[in-house]
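Visitor: Got a structure for you, written out below as structure tokens; questions coming shortly.
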Amino acid sequence: MTETAITESVQNYYGQVLTSSKDLKTSACCTLDAVPQYLRPYLKDIHPEVLARFYGCGSPLPSGLDGCTVLDLGCGTGRDCYLLSRLVGETGKVIGVDMTEAQLVVARQHCDWHAQQYGYAQSNVTFLEGQIEDLQALGIADNSIDVVVSNCVINLSPDKKRVLAEIFRVLKPGGELYFSDVYSDRRIPAALKTDPVLLGECLAGALYWEDFRRTLLDLGCPDVRVVKESPITLDDEEVAEKIGMVNFRSVTVRAFKVALEDRCEDYGQVACYKGSILNHPHAFDLDDHHHFETGRPLRVCGNTADMLSASRYAGHFDVLGEKTVHFGLFDCAPPNKSLSLESGASCC
């Protein structure tokens, strides 16, 4: 199957086969339980039709977005875009990109409705139809986006490396990629990669974690952080029979467009969270093993210090220490190595 055929198969699955999230055959596309508690009240302001046709696998909506320009890749009917509209505020901007016209029809017709719900003078959300592999064709310029998010979509692309390269092209220096997707514990057999149901269910195109890590490394991003992960169950007997030998997980990750080292090095630095990020007055989690309590200094590696200092989080942290003295590798490791037993890259 060619790249074009794969794209058309995905378009058909999401535009014609699925009529609502109830039609899905696996738990890859999570629902309310994936949404942080502080965001759940905002769901009440989302149009019911948008919610009914949501097919994401997590909640890739980071904190500290006020006034930001955010790009949502594979926005579908726009659920995350409308949540983001609320999070960036009236002065911020949200751009949603999707290749499926049937999804965008639903998304676009509710722009004004959501603006009215939020009390905005006009909608701050724009929806573009096109390929996430070619954002330049949609007029999205270099270094123009503060944050790129995606919800269970990059796995559907036949050219994932090109998607990731485009993301880092459009991100501003210090910008962030924050997304949820499906990952596998091995490479998917070639014979299954073109199965239309497995493609549409986000399984056939699932990223093998180590290949994903290597791709980011090739693109100049040596340190990707896991924020949250959960196992995916194969709820359909036919699907399980085809691909039940592979273990899948839904993982939310973050990566910054910041110059970092390929290992976490110790320079004796500490970071102290000020408690100033909206909805996070007492603590902030950078990833699954960096929990910053307000006012309590935490030892950090050089990469973590640079992520906090060179991104939009800079004003929310006091980072102490320079890289003048090196103490060797930082004694840091993630609590769960289910996806990558020995990544050889960073501590995270």
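The chains in the structure tokens are called A, B, ... from first to last as shown; in each chain the residues are counted from 1, and the ligands are counted from 1 in the order shown.
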Which residues, written as a PyMOL selection string, have at least one atom at most 12 Å from Ser63 of chain A, with only C-alpha atoms counted and residues fewer than 6 positions away on the same chain left out?
Guide: chain A and resi 36+38-39+70+83-84+86-88+147+149+176+178+254+276-281+283-286+312-313+316
Visitor: So that I have them on file, write out the residues from the current selection with C-alpha atoms, as a compact mmCIF listing (two decimals), in the first residue's frame.
Guide:
# COMPACT_ATOMS: atom_id res chain seq x y z
CA PRO A 36 -6.94 16.28 34.24
CA TYR A 38 -8.97 21.00 36.46
CA LEU A 39 -9.86 20.70 32.76
CA VAL A 70 -0.77 26.64 19.70
CA LEU A 83 -10.18 23.45 25.12
CA LEU A 84 -6.98 25.19 24.01
CA ARG A 86 -9.99 28.55 26.65
CA LEU A 87 -6.45 27.93 27.92
CA VAL A 88 -4.64 30.43 25.67
CA VAL A 147 3.45 24.88 21.39
CA VAL A 149 0.07 19.40 20.38
CA GLU A 176 7.42 22.72 23.00
CA TYR A 178 3.50 18.02 23.75
CA ARG A 254 7.00 16.46 25.83
CA SER A 276 2.63 30.70 39.62
CA ILE A 277 1.30 28.46 36.82
CA LEU A 278 -2.49 28.67 36.54
CA ASN A 279 -4.26 25.69 38.13
CA HIS A 280 -0.98 24.50 39.71
CA PRO A 281 -0.57 26.54 42.91
CA ALA A 283 3.06 21.70 42.61
CA PHE A 284 3.99 21.20 38.96
CA ASP A 285 4.99 17.98 37.19
CA LEU A 286 7.43 18.45 34.34
CA ARG A 312 7.86 29.60 28.51
CA TYR A 313 8.26 28.15 32.01
CA HIS A 316 7.76 30.27 36.90
Visitor: Find the residues around Asn247 of chain A up to 12 Å (only C-alpha atoms counted), leave out those fewer than 2 positions away in its own chain, and share them as a list in words.
Guide: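 Those residues are Ala28, Val182, Tyr183, Ser184, Asp185, Arg186, Arg187, Ile188, Leu203, Ala206, Leu207, Tyr208, Trp209, Ser230, Pro231, Ile232, Thr233, Leu234, Ala240, Ile243, Gly244, Met245, Arg249, Ser250, Ser338 and Leu339 of chain A.
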Visitor: Would you save the residues from that selection as a tab-separated table (two decimals), in the first residue's frame, using C-alpha atoms?
Guide:
chain	number	residue	atom	x	y	z
A	28	ALA	CA	-6.53	3.54	22.30
A	182	VAL	CA	0.22	5.05	20.71
A	183	TYR	CA	3.54	3.26	21.11
A	184	SER	CA	4.44	-0.39	20.69
A	185	ASP	CA	7.05	-2.57	22.36
A	186	ARG	CA	8.28	-3.83	18.96
A	187	ARG	CA	8.13	-2.95	15.28
A	188	ILE	CA	4.78	-3.81	13.71
A	203	LEU	CA	-2.33	0.20	16.02
A	206	ALA	CA	2.07	2.72	16.25
A	207	LEU	CA	5.54	4.04	16.91
A	208	TYR	CA	8.10	1.60	18.27
A	209	TRP	CA	9.48	3.62	21.18
A	230	SER	CA	-1.24	3.76	30.33
A	231	PRO	CA	-1.77	0.33	28.72
A	232	ILE	CA	-4.11	-0.11	25.77
A	233	THR	CA	-6.52	-3.01	25.72
A	234	LEU	CA	-7.64	-4.75	22.53
A	240	ALA	CA	-6.70	-9.10	19.24
A	243	ILE	CA	-2.08	-8.15	16.59
A	244	GLY	CA	-2.41	-9.43	20.15
A	245	MET	CA	1.31	-10.35	20.31
A	249	ARG	CA	0.61	1.92	25.45
A	250	SER	CA	-0.85	5.39	25.21
A	338	SER	CA	8.31	-0.62	30.25
A	339	LEU	CA	8.80	1.03	26.86
Visitor: What is the distance between atom CA of Ala107 of chain A and atom CA of Leu138 of chain A, in Å to one decimal?
Guide: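 We find that atom CA of Ala107 of chain A and atom CA of Leu138 of chain A lie 17.7 Å from each other.
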Visitor: Where does segment 180-251 of chain A meet segment 158-172 of chain A within 8 Å, residue by residue, with the nearest atom pair and distance in Å to one decimal for each, counting only C-alpha atoms, listed by chain and rising number, as JSON lines?
Guide:
{"residue": "A:Gly205", "atom": "CA", "partner": "A:Pro158", "partner_atom": "CA", "distance": 7.7}
{"residue": "A:Thr215", "atom": "CA", "partner": "A:Lys161", "partner_atom": "CA", "distance": 6.5}
{"residue": "A:Leu216", "atom": "CA", "partner": "A:Leu164", "partner_atom": "CA", "distance": 7.6}
{"residue": "A:Leu219", "atom": "CA", "partner": "A:Ala165", "partner_atom": "CA", "distance": 6.6}
Visitor: Determine which residues of segment 54-175 of chain A receive a DSSP assignment of strand (DSSP E), computed from the backbone, and state them as a list in words.
Guide: Thr69, Val70, Leu71, Asp72, Leu73, Lys93, Val94, Ile95, Gly96, Val97, Asp98, Val125, Thr126, Phe127, Leu128, Glu129, Ile145, Asp146, Val147, Val148, Val149, Ser150, Asn151, Leu171, Lys172, Pro173, Gly174 and Gly175 of chain A
Visitor: Those same residues, written as a compact mmCIF listing (two decimals), in the first residue's frame with N, CA, C and O atoms?
Guide:
# COMPACT_ATOMS: atom_id res chain seq x y z
N THR A 69 0.51 30.89 20.95
CA THR A 69 0.01 30.38 19.68
C THR A 69 0.25 28.87 19.68
O THR A 69 1.39 28.41 19.77
N VAL A 70 -0.85 28.10 19.59
CA VAL A 70 -0.77 26.64 19.70
C VAL A 70 -1.26 26.00 18.41
O VAL A 70 -2.30 26.40 17.86
N LEU A 71 -0.53 25.01 17.93
CA LEU A 71 -0.88 24.27 16.73
C LEU A 71 -1.29 22.86 17.12
O LEU A 71 -0.53 22.15 17.78
N ASP A 72 -2.51 22.46 16.72
CA ASP A 72 -3.03 21.11 17.01
C ASP A 72 -3.02 20.30 15.72
O ASP A 72 -3.77 20.59 14.79
N LEU A 73 -2.18 19.27 15.66
CA LEU A 73 -2.07 18.44 14.47
C LEU A 73 -3.05 17.27 14.54
O LEU A 73 -3.06 16.51 15.51
N LYS A 93 -3.89 32.23 20.34
CA LYS A 93 -4.34 31.77 19.02
C LYS A 93 -4.19 30.26 18.93
O LYS A 93 -3.20 29.70 19.40
N VAL A 94 -5.19 29.61 18.32
CA VAL A 94 -5.15 28.17 18.14
C VAL A 94 -5.36 27.85 16.66
O VAL A 94 -6.28 28.38 16.03
N ILE A 95 -4.49 27.00 16.13
CA ILE A 95 -4.60 26.56 14.73
C ILE A 95 -4.78 25.05 14.72
O ILE A 95 -3.96 24.32 15.28
N GLY A 96 -5.86 24.59 14.12
CA GLY A 96 -6.10 23.16 14.00
C GLY A 96 -5.90 22.69 12.58
O GLY A 96 -6.37 23.35 11.64
N VAL A 97 -5.16 21.60 12.39
CA VAL A 97 -4.91 21.05 11.05
C VAL A 97 -5.44 19.62 10.99
O VAL A 97 -5.17 18.81 11.89
N ASP A 98 -6.17 19.32 9.93
CA ASP A 98 -6.66 17.96 9.73
C ASP A 98 -6.84 17.72 8.23
O ASP A 98 -7.07 18.67 7.47
N VAL A 125 -9.82 30.56 17.06
CA VAL A 125 -9.47 29.26 16.51
C VAL A 125 -9.62 29.27 14.99
O VAL A 125 -10.62 29.75 14.45
N THR A 126 -8.62 28.74 14.30
CA THR A 126 -8.64 28.61 12.84
C THR A 126 -8.40 27.16 12.48
O THR A 126 -7.51 26.51 13.03
N PHE A 127 -9.21 26.63 11.55
CA PHE A 127 -9.04 25.24 11.10
C PHE A 127 -8.56 25.22 9.66
O PHE A 127 -9.12 25.89 8.79
N LEU A 128 -7.50 24.43 9.42
CA LEU A 128 -6.91 24.31 8.08
C LEU A 128 -6.98 22.86 7.61
O LEU A 128 -6.68 21.95 8.39
N GLU A 129 -7.36 22.67 6.36
CA GLU A 129 -7.40 21.32 5.79
C GLU A 129 -6.10 21.06 5.05
O GLU A 129 -5.71 21.81 4.15
N ILE A 145 5.41 29.10 16.12
CA ILE A 145 4.47 28.42 17.02
C ILE A 145 5.10 28.24 18.40
O ILE A 145 6.25 27.80 18.52
N ASP A 146 4.36 28.55 19.45
CA ASP A 146 4.86 28.36 20.81
C ASP A 146 4.78 26.90 21.26
O ASP A 146 5.71 26.39 21.88
N VAL A 147 3.66 26.26 20.94
CA VAL A 147 3.45 24.88 21.39
C VAL A 147 2.73 24.11 20.28
O VAL A 147 1.76 24.60 19.70
N VAL A 148 3.21 22.91 19.99
CA VAL A 148 2.53 21.99 19.07
C VAL A 148 1.98 20.84 19.90
O VAL A 148 2.70 20.22 20.70
N VAL A 149 0.69 20.54 19.72
CA VAL A 149 0.07 19.40 20.38
C VAL A 149 -0.50 18.47 19.33
O VAL A 149 -0.75 18.86 18.19
N SER A 150 -0.71 17.23 19.71
CA SER A 150 -1.33 16.25 18.83
C SER A 150 -1.90 15.14 19.69
O SER A 150 -1.30 14.76 20.70
N ASN A 151 -3.04 14.64 19.29
CA ASN A 151 -3.73 13.65 20.11
C ASN A 151 -4.00 12.39 19.30
O ASN A 151 -5.00 12.30 18.59
N LEU A 171 8.24 25.34 15.30
CA LEU A 171 8.35 25.75 16.69
C LEU A 171 9.34 26.90 16.85
O LEU A 171 10.39 26.93 16.22
N LYS A 172 8.99 27.83 17.72
CA LYS A 172 9.92 28.89 18.09
C LYS A 172 11.05 28.29 18.93
O LYS A 172 10.88 27.25 19.57
N PRO A 173 12.23 28.94 18.97
CA PRO A 173 13.25 28.50 19.93
C PRO A 173 12.67 28.50 21.34
O PRO A 173 12.04 29.47 21.76
N GLY A 174 12.85 27.41 22.06
CA GLY A 174 12.25 27.28 23.38
C GLY A 174 10.84 26.75 23.34
O GLY A 174 10.21 26.54 24.38
N GLY A 175 10.30 26.54 22.14
CA GLY A 175 8.94 26.02 21.99
C GLY A 175 8.86 24.56 22.37
O GLY A 175 9.87 23.87 22.55
Visitor: In terms of the shortest atom-to-atom distance over only C-alpha atoms, which of A:Asp223, A:Asp45, A:Asp266, A:Glu90 is closest to Leu65 of chain A?
Guide: A:Glu90
Visitor: Which of these, A:Gly89, A:Gly76, A:Gly321, A:Gly200, has the shortest distance to Leu156 of chain A once you count only C-alpha atoms?
Guide: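 The shortest atom-to-atom distance to Leu156 of chain A comes from A:Gly200.
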Visitor: Quote the spacing between atom CA of Val106 of chain A and atom CA of Val251 of chain A in Å to one decimal place.
Guide: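 Spanning atom CA of Val106 of chain A to atom CA of Val251 of chain A is a straight-line distance of 27.1 Å.
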Visitor: Using DSSP assignments from the backbone, pull out every residue in segment 70-270 of chain A that falls under alpha helix (DSSP H) and give it to me as a ChimeraX atom specification.
Guide: /A:79-88,101-108,111-118,160-170,196-200,209-218,237-243
Visitor: Which residues are near Glu241 of chain A? Cut-off 12 Å, only C-alpha atoms, ignore same chain within fewer than 5 positions. Put them as a PyMOL selection string.
Guide: chain A and resi 192+198+234-236+246
Visitor: Okay, now the selection with N, CA, C and O atoms, as a short mmCIF file (atom, residue, chain, number, x, y, z; two decimals), in the first residue's frame?
Guide:
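Result written to part_17.cif:
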data_model
loop_
_atom_site.label_atom_id
_atom_site.label_comp_id
_atom_site.auth_asym_id
_atom_site.auth_seq_id
_atom_site.Cartn_x
_atom_site.Cartn_y
_atom_site.Cartn_z
N LEU A 192 0.86 -6.32 8.59
CA LEU A 192 -0.25 -5.73 9.33
C LEU A 192 -0.32 -4.21 9.18
O LEU A 192 -1.31 -3.59 9.58
N LEU A 198 -6.78 -1.86 11.58
CA LEU A 198 -5.65 -1.64 12.48
C LEU A 198 -5.05 -0.25 12.29
O LEU A 198 -4.58 0.37 13.25
N LEU A 234 -7.05 -4.41 23.83
CA LEU A 234 -7.64 -4.75 22.53
C LEU A 234 -9.00 -5.38 22.81
O LEU A 234 -9.11 -6.57 23.11
N ASP A 235 -10.05 -4.57 22.71
CA ASP A 235 -11.38 -4.99 23.14
C ASP A 235 -12.15 -5.80 22.09
O ASP A 235 -13.18 -6.37 22.39
N ASP A 236 -11.62 -5.82 20.88
CA ASP A 236 -12.29 -6.56 19.81
C ASP A 236 -11.55 -7.86 19.54
O ASP A 236 -10.33 -7.87 19.36
N VAL A 246 1.54 -7.93 20.23
CA VAL A 246 2.20 -6.65 20.46
C VAL A 246 1.57 -5.97 21.67
O VAL A 246 0.35 -5.96 21.83
#
Visitor: Please list as a list in words every residue within 7 Å of Leu260 of chain A, counting only C-alpha atoms and excluding residues in the same chain fewer than 2 positions away.
Guide: Pro222, Val258, Asp262 and Asn303 of chain A
Visitor: Keeping only N, CA and C atoms, write those residues as a short mmCIF file (atom, residue, chain, number, x, y, z; two decimals), in the first residue's frame.
Guide:
data_model
loop_
_atom_site.label_atom_id
_atom_site.label_comp_id
_atom_site.auth_asym_id
_atom_site.auth_seq_id
_atom_site.Cartn_x
_atom_site.Cartn_y
_atom_site.Cartn_z
N PRO A 222 17.63 15.30 21.69
CA PRO A 222 18.13 14.09 22.34
C PRO A 222 17.44 13.70 23.64
N VAL A 258 15.17 23.10 22.35
CA VAL A 258 16.23 23.66 23.18
C VAL A 258 17.48 22.80 22.96
N ASP A 262 22.93 14.68 25.11
CA ASP A 262 22.29 13.38 24.87
C ASP A 262 22.25 12.51 26.12
N ASN A 303 20.00 19.22 31.57
CA ASN A 303 18.93 19.29 30.57
C ASN A 303 17.64 19.86 31.16
#
Visitor: Using only C-alpha atoms, which of the listed residues (A:Gly78, A:Gly275, A:Gly315, A:Gly302) sits closest to Tyr55 of chain A?
Guide: A:Gly78
Visitor: Between atom CA of Thr324 of chain A and atom CA of Leu298 of chain A, what is the spacing in Å?
Guide: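 Going from atom CA of Leu298 of chain A over to atom CA of Thr324 of chain A covers 18.9 Å.
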